[in-house]
Amino acid sequence: MRRPVVAGNWKMHGMRAENARLVEALIEGADDASCEVVICPPFVYLWETGRQLKDTTIALGAQSVCAEVQGAFTGEVSAAMLKDAGCRYAIVGHSERRQLYYEDDALVARKFVAAQAAGLVPILCVGETLEERDRGVTEDVIGRQLDAVIAVAGVTALARAIVAYEPVWAIGTGKTATPDQAQAAHAFIRGRVAARDANIGGGLRLLYGGSVKAANAAELFGKPDVDGGLVGGASLKADEFLRICAAAT
Ligand code: PEP
């Protein structure tokens with residue numbers, strides 16, 4: 001039985017006072033959630049949010065991580081620092097990092113390895129653009145993104161990771177993959193991993209991300225290979241996010 005996960009990616013939103021109010025409302029509403037709830041604030045707020053989450057069931061995650069261990073990498077934050085700040089998870093390979101900050105498959109794989117080496121659970125994002133979907137190469141793209149990590153980290157590393165299928169055309173656009181489109185991509189990812197190791201493929205938690213809202217969450221999470229969601233915009237509203245969490249339990 002795979003325990004569902006709902007992770008909120010705040011992206012570059014929120015300031016101290018509103019974050020504190022949002023987290024307070026989440027703690028009140030999510031404490032008895034039977035899914036795993038993760039929130040990923042901007043780096044600068046991790047410490048404070050982590051203190052607020054202490055002794056609650058909500059886990060802390062980072063939105064990215066540096067591939068290097070330490071040193072002269074101005075502006076970067078290492079996996080060990082994130083762990084030290086109380087993170088349990090780190091998102092790697094988010095499409096905004098891939099597209100806007102030119103993170104390629106090789107770098108994403110190194111970030112994945114760095115996160116695990118420091119004891120973090122990577123949430124590895126994969127997904128195709130609209131142009132790639134229209135060209136019929138969705139599976140080639142997500143297969144390549146997945147294989148790049150497996151080649152470096154090994155398939156067994158996926159036993160300590162989560163994979164998020166996030167079609168780029170659905171992120172922040174209000175367009176959601178249909179439950180059948182999400183299921184097809186998730187089944188493909190699970191199959192690709194299971195072909196290397198059936199146990200790891202079977203146990204791998206796969207999140208769908210791309211304009212998840214309370215109104216569409218239950219239908220998406222009802223699909224057999226969808227084990228929860230990675231939620232952007234809707235994770236900034238406590239009520240909406242809690243309803244998404246409820247749909248995952
Ligand atoms: C995301 O940031 O990973 C995401 C899926 O965003 P949104 O839910 O806003 O589409």
# chains A, B, ... in the order shown; residues from 1 in each chain; ligands from 1

call {"tool": "residues_near_ligand", "arguments": {"ligand": "ligand 1", "cutoff": "9 Å", "atoms": "only C-alpha atoms and all ligand atoms", "output": "number ranges by chain"}}
result
A: 7-11, 94-96, 125, 164, 166-176, 208-213, 229-235

call {"tool": "residues_around", "arguments": {"residues": "Val121 (chain A)", "least_positions_apart": "4", "cutoff": "10 Å", "atoms": "only C-alpha atoms", "output": "MDAnalysis selection string"}}
result
chainID A and resid 61 87:92 112:113 115:117 157:162

call {"tool": "write_last_selection", "arguments": {"atoms": "C-alpha atoms", "output": "mmCIF file, in the first residue's frame"}}
result
data_model
loop_
_atom_site.group_PDB
_atom_site.id
_atom_site.type_symbol
_atom_site.label_atom_id
_atom_site.label_comp_id
_atom_site.auth_asym_id
_atom_site.auth_seq_id
_atom_site.Cartn_x
_atom_site.Cartn_y
_atom_site.Cartn_z
ATOM 1 C CA GLY A 61 10.562 20.474 1.783
ATOM 2 C CA CYS A 87 13.806 19.665 5.526
ATOM 3 C CA ARG A 88 12.789 16.104 4.829
ATOM 4 C CA TYR A 89 12.199 16.584 1.083
ATOM 5 C CA ALA A 90 13.700 18.518 -1.821
ATOM 6 C CA ILE A 91 12.105 19.071 -5.216
ATOM 7 C CA VAL A 92 14.554 18.443 -8.069
ATOM 8 C CA PHE A 112 18.974 14.037 -6.896
ATOM 9 C CA VAL A 113 22.128 12.265 -5.710
ATOM 10 C CA ALA A 115 19.801 15.375 -1.888
ATOM 11 C CA GLN A 116 19.847 11.676 -1.033
ATOM 12 C CA ALA A 117 23.436 11.794 0.170
ATOM 13 C CA ALA A 157 17.693 4.978 -5.210
ATOM 14 C CA LEU A 158 14.069 5.330 -6.284
ATOM 15 C CA ALA A 159 13.039 3.401 -3.176
ATOM 16 C CA ARG A 160 13.954 6.592 -1.272
ATOM 17 C CA ALA A 161 12.400 9.094 -3.665
ATOM 18 C CA ILE A 162 9.115 10.359 -5.032
#

call {"tool": "closest_residue", "arguments": {"among": "A:Arg192, A:Val77, A:Gly154, A:Pro122", "to": "Asp140 (chain A)", "atoms": "only C-alpha atoms"}}
result
A:Arg192

call {"tool": "closest_residue", "arguments": {"among": "A:Leu220, A:Val193, A:Ala85, A:Ala215", "to": "Phe241 (chain A)", "atoms": "only C-alpha atoms"}}
result
A:Ala215

call {"tool": "select_by_dssp", "arguments": {"residues": "region 178-247 of chain A", "states": "helix (DSSP H, G or I)", "output": "MDAnalysis selection string"}}
result
chainID A and resid 179:194 198:203 214:221 233:236 238:247

call {"tool": "write_last_selection", "arguments": {"atoms": "C-alpha atoms", "output": "short mmCIF file (atom, residue, chain, number, x, y, z; two decimals), in the first residue's frame"}}
result
data_model
loop_
_atom_site.label_atom_id
_atom_site.label_comp_id
_atom_site.auth_asym_id
_atom_site.auth_seq_id
_atom_site.Cartn_x
_atom_site.Cartn_y
_atom_site.Cartn_z
CA PRO A 179 -7.30 11.79 -15.22
CA ASP A 180 -6.75 9.36 -18.11
CA GLN A 181 -3.77 11.35 -19.45
CA ALA A 182 -2.27 11.45 -15.94
CA GLN A 183 -2.89 7.74 -15.41
CA ALA A 184 -1.28 6.86 -18.76
CA ALA A 185 1.88 8.82 -17.94
CA HIS A 186 2.04 7.42 -14.40
CA ALA A 187 1.58 3.86 -15.62
CA PHE A 188 4.37 4.43 -18.11
CA ILE A 189 6.73 5.74 -15.38
CA ARG A 190 5.88 2.89 -13.02
CA GLY A 191 6.36 0.37 -15.79
CA ARG A 192 9.70 1.84 -16.76
CA VAL A 193 10.97 1.52 -13.19
CA ALA A 194 9.33 -1.87 -12.66
CA ALA A 198 9.44 -4.82 -9.89
CA ASN A 199 9.37 -4.07 -6.14
CA ILE A 200 10.69 -0.57 -6.51
CA GLY A 201 8.35 0.15 -9.41
CA GLY A 202 5.39 -1.19 -7.47
CA GLY A 203 6.19 0.84 -4.36
CA ALA A 214 -9.95 20.90 -4.89
CA ALA A 215 -12.40 20.56 -7.77
CA ASN A 216 -10.29 18.10 -9.78
CA ALA A 217 -8.16 16.39 -7.11
CA ALA A 218 -10.46 13.50 -6.24
CA GLU A 219 -10.83 12.43 -9.84
CA LEU A 220 -7.07 12.60 -10.47
CA PHE A 221 -6.15 10.86 -7.20
CA GLY A 233 -0.97 27.85 -6.87
CA ALA A 234 -3.61 26.03 -4.86
CA SER A 235 -1.15 25.35 -2.02
CA LEU A 236 -1.17 29.06 -1.14
CA ALA A 238 -5.21 26.89 3.21
CA ASP A 239 -8.78 25.89 2.55
CA GLU A 240 -8.17 24.79 -1.00
CA PHE A 241 -4.98 22.91 -0.11
CA LEU A 242 -6.65 21.11 2.80
CA ARG A 243 -9.49 20.03 0.53
CA ILE A 244 -6.88 18.63 -1.89
CA CYS A 245 -5.27 16.76 1.02
CA ALA A 246 -8.66 15.38 2.01
CA ALA A 247 -9.14 14.13 -1.56
#

call {"tool": "select_by_dssp", "arguments": {"residues": "region 20-100 of chain A", "states": "strand (DSSP E or B)", "output": "MDAnalysis selection string"}}
result
chainID A and resid 36:40 59:62 89:92

call {"tool": "write_last_selection", "arguments": {"atoms": "N, CA and C atoms", "output": "PDB file, in the first residue's frame"}}
result
ATOM      1  N   GLU A  36       0.360  12.017   3.553  1.00  0.00           N
ATOM      2  CA  GLU A  36       1.528  12.755   4.018  1.00  0.00           C
ATOM      3  C   GLU A  36       1.449  14.159   3.413  1.00  0.00           C
ATOM      4  N   VAL A  37       1.584  15.166   4.237  1.00  0.00           N
ATOM      5  CA  VAL A  37       1.488  16.547   3.752  1.00  0.00           C
ATOM      6  C   VAL A  37       2.867  17.193   3.850  1.00  0.00           C
ATOM      7  N   VAL A  38       3.280  17.824   2.755  1.00  0.00           N
ATOM      8  CA  VAL A  38       4.607  18.460   2.689  1.00  0.00           C
ATOM      9  C   VAL A  38       4.403  19.889   2.208  1.00  0.00           C
ATOM     10  N   ILE A  39       5.106  20.839   2.808  1.00  0.00           N
ATOM     11  CA  ILE A  39       5.076  22.185   2.230  1.00  0.00           C
ATOM     12  C   ILE A  39       6.497  22.653   1.921  1.00  0.00           C
ATOM     13  N   CYS A  40       6.609  23.348   0.804  1.00  0.00           N
ATOM     14  CA  CYS A  40       7.923  23.761   0.290  1.00  0.00           C
ATOM     15  C   CYS A  40       7.962  25.277   0.121  1.00  0.00           C
ATOM     16  N   ALA A  59       5.369  17.898   6.915  1.00  0.00           N
ATOM     17  CA  ALA A  59       6.821  17.874   6.682  1.00  0.00           C
ATOM     18  C   ALA A  59       7.245  19.086   5.851  1.00  0.00           C
ATOM     19  N   LEU A  60       8.518  19.405   5.973  1.00  0.00           N
ATOM     20  CA  LEU A  60       9.096  20.555   5.287  1.00  0.00           C
ATOM     21  C   LEU A  60       9.912  20.079   4.074  1.00  0.00           C
ATOM     22  N   GLY A  61       9.773  20.801   2.971  1.00  0.00           N
ATOM     23  CA  GLY A  61      10.562  20.474   1.783  1.00  0.00           C
ATOM     24  C   GLY A  61      11.139  21.731   1.174  1.00  0.00           C
ATOM     25  N   ALA A  62      12.203  21.563   0.384  1.00  0.00           N
ATOM     26  CA  ALA A  62      12.809  22.696  -0.322  1.00  0.00           C
ATOM     27  C   ALA A  62      12.413  22.620  -1.795  1.00  0.00           C
ATOM     28  N   TYR A  89      12.319  16.771   2.533  1.00  0.00           N
ATOM     29  CA  TYR A  89      12.199  16.584   1.083  1.00  0.00           C
ATOM     30  C   TYR A  89      12.897  17.713   0.328  1.00  0.00           C
ATOM     31  N   ALA A  90      13.246  17.445  -0.926  1.00  0.00           N
ATOM     32  CA  ALA A  90      13.700  18.518  -1.821  1.00  0.00           C
ATOM     33  C   ALA A  90      13.181  18.213  -3.230  1.00  0.00           C
ATOM     34  N   ILE A  91      12.548  19.208  -3.818  1.00  0.00           N
ATOM     35  CA  ILE A  91      12.105  19.071  -5.216  1.00  0.00           C
ATOM     36  C   ILE A  91      13.338  19.190  -6.116  1.00  0.00           C
ATOM     37  N   VAL A  92      13.470  18.306  -7.079  1.00  0.00           N
ATOM     38  CA  VAL A  92      14.554  18.443  -8.069  1.00  0.00           C
ATOM     39  C   VAL A  92      13.958  18.305  -9.469  1.00  0.00           C
TER      40      VAL A  92
END
